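Everything below belongs to work02.cif, which stores mmCIF, C-alpha atoms.
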data_start
#
loop_
_atom_site.label_atom_id
_atom_site.label_comp_id
_atom_site.auth_asym_id
_atom_site.auth_seq_id
_atom_site.Cartn_x
_atom_site.Cartn_y
_atom_site.Cartn_z
CA MET R 898 104.72 -88.15 120.70
CA ASN R 899 105.77 -84.86 122.28
CA ASN R 900 105.81 -86.42 125.79
CA TYR R 901 107.98 -89.23 124.45
CA ASN R 902 110.55 -86.72 123.09
CA ASP R 903 110.46 -84.75 126.35
CA ASN R 904 111.13 -87.92 128.35
CA GLU R 905 113.98 -88.87 126.02
CA LEU R 906 115.43 -85.40 126.23
CA ARG R 907 115.20 -85.40 130.06
CA GLU R 908 116.86 -88.83 130.23
CA LEU R 909 119.58 -87.66 127.88
CA ARG R 910 120.22 -84.56 130.03
CA GLU R 911 120.41 -86.73 133.15
CA GLN R 912 122.89 -89.04 131.45
CA VAL R 913 125.03 -86.10 130.31
CA GLU R 914 124.99 -84.70 133.87
CA GLU R 915 126.00 -88.09 135.29
CA LEU R 916 128.79 -88.30 132.74
CA ARG R 917 130.05 -84.82 133.74
CA GLU R 918 130.06 -85.84 137.39
CA MET R 919 131.98 -89.02 136.57
CA LEU R 920 134.54 -87.09 134.51
CA GLY R 921 134.95 -84.54 137.28
CA LYS R 922 135.60 -87.31 139.81
CA GLU R 923 138.06 -88.97 137.44
CA GLU R 924 139.92 -85.68 136.99
CA ILE R 925 140.16 -85.27 140.78
CA LEU R 926 141.40 -88.85 141.14
CA ASN R 927 143.97 -88.33 138.35
CA GLU R 928 145.28 -85.20 140.05
CA ARG R 929 145.48 -86.99 143.42
CA LEU R 930 147.33 -89.87 141.82
CA LEU R 931 149.66 -87.43 140.07
CA ARG R 932 150.35 -85.59 143.34
CA ARG R 933 151.06 -88.88 145.11
CA THR R 934 153.44 -89.96 142.34
CA MET R 935 155.22 -86.61 142.35
CA GLY R 936 155.43 -86.73 146.14
CA THR R 937 157.04 -90.16 145.94
CA LYS R 938 159.60 -88.87 143.45
CA ALA R 939 160.26 -85.83 145.63
CA GLY R 940 160.77 -88.23 148.55
CA THR R 941 163.44 -89.99 146.51
CA LEU R 942 165.12 -86.64 145.88
CA LYS R 943 164.90 -85.84 149.59
CA ARG R 944 166.49 -89.16 150.64
CA ARG R 945 169.27 -88.65 148.10
CA GLY R 946 169.84 -85.13 149.41
CA ILE R 947 169.97 -86.33 153.02
CA ALA R 948 172.53 -88.98 152.04
CA LEU R 949 174.70 -86.29 150.43
CA ILE R 950 174.40 -84.11 153.55
CA VAL R 951 175.50 -87.02 155.74
CA ILE R 952 178.48 -87.70 153.46
CA ALA R 953 179.47 -84.01 153.56
CA ILE R 954 179.20 -83.91 157.36
CA ILE R 955 181.33 -87.05 157.70
CA LEU R 956 183.88 -85.55 155.30
CA ILE R 957 184.44 -82.51 157.56
CA PRO R 958 186.20 -84.26 160.49
CA TYR R 959 187.69 -86.89 158.18
CA SER R 960 189.43 -84.29 156.03
CA LEU R 961 190.76 -82.47 159.11
CA TRP R 962 192.27 -85.73 160.34
CA ALA R 963 193.23 -87.55 157.13
CA PHE R 964 195.03 -84.94 155.03
CA PRO R 965 197.73 -84.10 157.61
CA PHE R 966 198.00 -87.85 158.31
CA LEU R 967 198.67 -88.41 154.60
CA GLY R 968 201.46 -85.83 154.60
CA LEU R 969 199.53 -82.94 153.09
CA PRO R 970 199.59 -79.51 154.71
CA PRO R 971 196.79 -78.96 157.26
CA PHE R 972 195.28 -76.11 155.23
CA VAL R 973 194.28 -78.64 152.53
CA GLY R 974 192.12 -80.34 155.15
CA TYR R 975 190.72 -76.97 156.28
CA ILE R 976 189.80 -76.02 152.73
CA THR R 977 188.17 -79.40 152.13
CA ALA R 978 186.25 -79.20 155.41
CA ALA R 979 185.05 -75.68 154.55
CA PHE R 980 183.89 -76.84 151.13
CA ALA R 981 182.09 -79.85 152.65
CA LEU R 982 180.34 -77.51 155.10
CA VAL R 983 179.22 -75.22 152.26
CA ALA R 984 178.01 -78.28 150.31
CA ALA R 985 176.02 -79.52 153.32
CA ILE R 986 174.41 -76.10 153.82
CA TYR R 987 173.57 -75.88 150.10
CA ASP R 988 171.99 -79.35 150.17
CA ILE R 989 169.95 -78.37 153.24
CA ALA R 990 168.73 -75.33 151.29
CA LEU R 991 167.81 -77.66 148.41
CA LEU R 992 165.67 -79.74 150.77
CA THR R 993 163.55 -76.67 151.54
CA VAL R 994 162.76 -76.11 147.85
CA LEU R 995 160.53 -79.22 147.56
CA PRO R 996 158.81 -79.63 150.95
CA ASP R 997 156.31 -82.46 151.46
CA SER R 998 153.49 -80.00 152.12
CA LEU R 999 153.90 -78.57 148.62
CA PHE R 1000 152.62 -81.80 147.04
CA SER R 1001 149.56 -82.00 149.26
CA ARG R 1002 148.51 -78.34 149.42
CA GLY R 1003 150.36 -76.50 146.66
CA THR R 1004 149.00 -75.74 143.24
CA LEU R 1005 150.45 -77.44 140.20
CA VAL R 1006 152.05 -74.14 139.17
CA GLU R 1007 153.78 -73.88 142.58
CA ILE R 1008 155.01 -77.47 142.29
CA LEU R 1009 156.26 -76.84 138.76
CA SER R 1010 158.05 -73.65 139.83
CA ALA R 1011 159.69 -75.43 142.78
CA ALA R 1012 160.80 -78.37 140.61
CA VAL R 1013 162.36 -76.04 138.03
CA ARG R 1014 164.12 -74.09 140.81
CA TYR R 1015 165.38 -77.37 142.33
CA LYS R 1016 166.77 -78.48 138.98
CA ARG R 1017 168.45 -75.11 138.35
CA MET R 1018 170.03 -75.09 141.81
CA HIS R 1019 171.59 -78.48 141.08
CA ILE R 1020 173.01 -77.21 137.82
CA TYR R 1021 174.28 -74.00 139.47
CA TRP R 1022 176.18 -76.09 142.01
CA LEU R 1023 178.29 -77.46 139.15
CA PHE R 1024 179.72 -73.96 138.66
CA VAL R 1025 181.10 -74.18 142.20
CA GLY R 1026 181.86 -77.88 142.53
CA ILE R 1027 183.79 -78.47 139.32
CA PRO R 1028 186.25 -75.54 139.76
CA PHE R 1029 186.79 -76.58 143.38
CA LEU R 1030 187.45 -80.16 142.31
CA ILE R 1031 189.99 -79.05 139.71
CA CYS R 1032 191.80 -76.82 142.22
CA PHE R 1033 191.66 -79.57 144.83
CA VAL R 1034 193.21 -82.16 142.50
CA VAL R 1035 195.95 -79.76 141.39
CA MET R 1036 196.68 -78.82 145.00
CA CYS R 1037 196.81 -82.46 146.17
CA TYR R 1038 198.99 -83.43 143.23
CA HIS R 1039 201.36 -80.53 143.93
CA TYR R 1040 201.78 -81.36 147.62
CA SER R 1041 202.11 -85.11 147.05
CA GLU R 1042 204.94 -85.02 144.51
CA GLY R 1043 207.06 -88.11 144.86
CA ASN R 1044 204.31 -90.07 146.62
CA THR R 1045 203.24 -92.30 143.75
CA ALA R 1046 200.95 -94.48 145.86
CA PHE R 1047 199.00 -91.42 147.02
CA GLN R 1048 198.74 -90.09 143.48
CA ILE R 1049 197.46 -93.44 142.17
CA GLY R 1050 194.93 -93.56 145.00
CA MET R 1051 193.91 -90.01 144.21
CA CYS R 1052 193.36 -90.91 140.53
CA VAL R 1053 191.26 -93.96 141.45
CA GLY R 1054 189.27 -91.86 143.93
CA LEU R 1055 188.79 -89.14 141.35
CA ILE R 1056 187.49 -91.63 138.77
CA LEU R 1057 185.15 -93.37 141.21
CA GLY R 1058 183.98 -90.06 142.70
CA THR R 1059 183.31 -88.64 139.25
CA ILE R 1060 181.27 -91.69 138.28
CA PHE R 1061 179.29 -91.58 141.54
CA GLY R 1062 178.75 -87.82 141.23
CA CYS R 1063 177.63 -88.00 137.61
CA LEU R 1064 175.24 -90.88 138.29
CA THR R 1065 173.75 -89.06 141.27
CA LEU R 1066 173.43 -85.82 139.29
CA PHE R 1067 171.83 -87.53 136.28
CA LYS R 1068 169.38 -89.46 138.47
CA THR R 1069 168.44 -86.29 140.33
CA LEU R 1070 167.97 -84.27 137.15
CA ARG R 1071 165.98 -87.10 135.52
CA THR R 1072 163.67 -87.46 138.54
CA THR R 1073 163.14 -83.70 138.69
CA GLN R 1074 162.43 -83.61 134.95
CA GLU R 1075 159.86 -86.42 135.38
CA ILE R 1076 158.00 -84.26 137.92
CA ILE R 1077 158.10 -81.31 135.51
CA ASP R 1078 156.93 -83.47 132.59
CA GLN R 1079 154.03 -84.92 134.60
CA ILE R 1080 152.76 -81.45 135.41
CA ASN R 1081 153.20 -80.31 131.81
CA ASP R 1082 151.31 -83.38 130.56
CA LEU R 1083 148.44 -82.64 132.92
CA THR R 1084 148.25 -78.93 132.21
CA HIS R 1085 149.02 -79.11 128.47
CA PRO R 1086 147.62 -82.41 127.19
CA THR R 1087 148.54 -83.31 123.65
CA GLU R 1088 145.72 -83.44 121.19
#

Before we go any further, please render this structure as structure tokens.
Amino acid sequence: MNNYNDNELRELREQVEELREMLGKEEILNERLLRRTMGTKAGTLKRRGIALIVIAIILIPYSLWAFPFLGLPPFVGYITAAFALVAAIYDIALLTVLPDSLFSRGTLVEILSAAVRYKRMHIYWLFVGIPFLICFVVMCYHYSEGNTAFQIGMCVGLILGTIFGCLTLFKTLRTTQEIIDQINDLTHPTE
């Protein structure tokens, strides 16, 4: 009877060890899948950032040409071009916050820290972009007095630009928050 219990106990230990190995492999696979998913989301953020950089770079020569053509003083174009250059540089800096290598070699804490920094940097940009936009609109309105067609076009552009900007910002913040939430779910599972 004692040999029977020893055999059962040995078999039970072997089964527990096999179960631990299986759970360890599953945990590794879950982390790999999580990293791949986060990397895909970061790729979406990167493509969106590159698109904004391209738009800012196109805006630089366009504003230098278009504003004097529309009857505004040349310095309005210079100010707009300078702002577009600063925006492009800031977006390039944002691209370095979430590099592709971070998702393959970085720890989850490093990824979480980078995602939080990326989100904060987007919010900080609002403290620059919104005051500039207000000053820009006031300045354009002031220098275009009497040009109703330009002012109507400016209002339409302002509305469409605000919608596009808000949608882009909300999508970016939501995607970044999804990365943060995935890491929090993995590191702090709910009981």

Note to self: Report, in Å to a single decimal, how far apart atom CA of Leu1055 of chain R and atom CA of Leu967 of chain R are.
What the structure shows: 16.5 Å

Next item on the list: May I have the residues within 12 Å of Phe1067 of chain R as a list in words, using all atoms listed in the file and disregarding those fewer than 5 positions away in the same chain?
Entry: Leu942, Lys1016, His1019, Ile1020, Thr1059, Ile1060, Phe1061, Gly1062, Thr1072, Thr1073 and Gln1074 of chain R

Check: atom CA of Leu995 of chain R and atom CA of Arg1017 of chain R are how many Å apart?
Finding: 12.8 Å

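Closest approach to Arg1002 of chain R among R:Glu905, R:Gly974, R:Arg932, R:Ser1041: R:Arg932, based on all atoms listed in the file.
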
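Proximity to Ala963 of chain R was assessed for R:Val994, R:Ile1080, R:Val1053, R:Ala978 counting all atoms listed in the file; the smallest distance is recorded for R:Ala978.
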
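When all atoms listed in the file are used to measure the gap to Arg1071 of chain R, the shortest distance among R:Val973, R:Val1013, R:Ala984, R:Leu1083 belongs to R:Val1013.
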
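Residue selection for this entry, given the PyMOL selection byres ((chain R and resi 1001) around 9), comprises R:Arg929, R:Arg932, R:Arg933, R:Gly936, R:Asp997, R:Ser998, R:Leu999, R:Phe1000, R:Arg1002, R:Gly1003, R:Thr1004.
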
Could you write out the selected residues, including C-alpha atoms, as a PDB file, in the frame of the given file?
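Written output follows (result_37.pdb):
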ATOM      1  CA  ARG R 929     145.480 -86.990 143.420  1.00  0.00           C
ATOM      2  CA  ARG R 932     150.350 -85.590 143.340  1.00  0.00           C
ATOM      3  CA  ARG R 933     151.060 -88.880 145.110  1.00  0.00           C
ATOM      4  CA  GLY R 936     155.430 -86.730 146.140  1.00  0.00           C
ATOM      5  CA  ASP R 997     156.310 -82.460 151.460  1.00  0.00           C
ATOM      6  CA  SER R 998     153.490 -80.000 152.120  1.00  0.00           C
ATOM      7  CA  LEU R 999     153.900 -78.570 148.620  1.00  0.00           C
ATOM      8  CA  PHE R1000     152.620 -81.800 147.040  1.00  0.00           C
ATOM      9  CA  ARG R1002     148.510 -78.340 149.420  1.00  0.00           C
ATOM     10  CA  GLY R1003     150.360 -76.500 146.660  1.00  0.00           C
ATOM     11  CA  THR R1004     149.000 -75.740 143.240  1.00  0.00           C
TER      12      THR R1004
END

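Going from atom CA of Cys1037 of chain R over to atom CA of Pro958 of chain R, you cover 17.9 Å.
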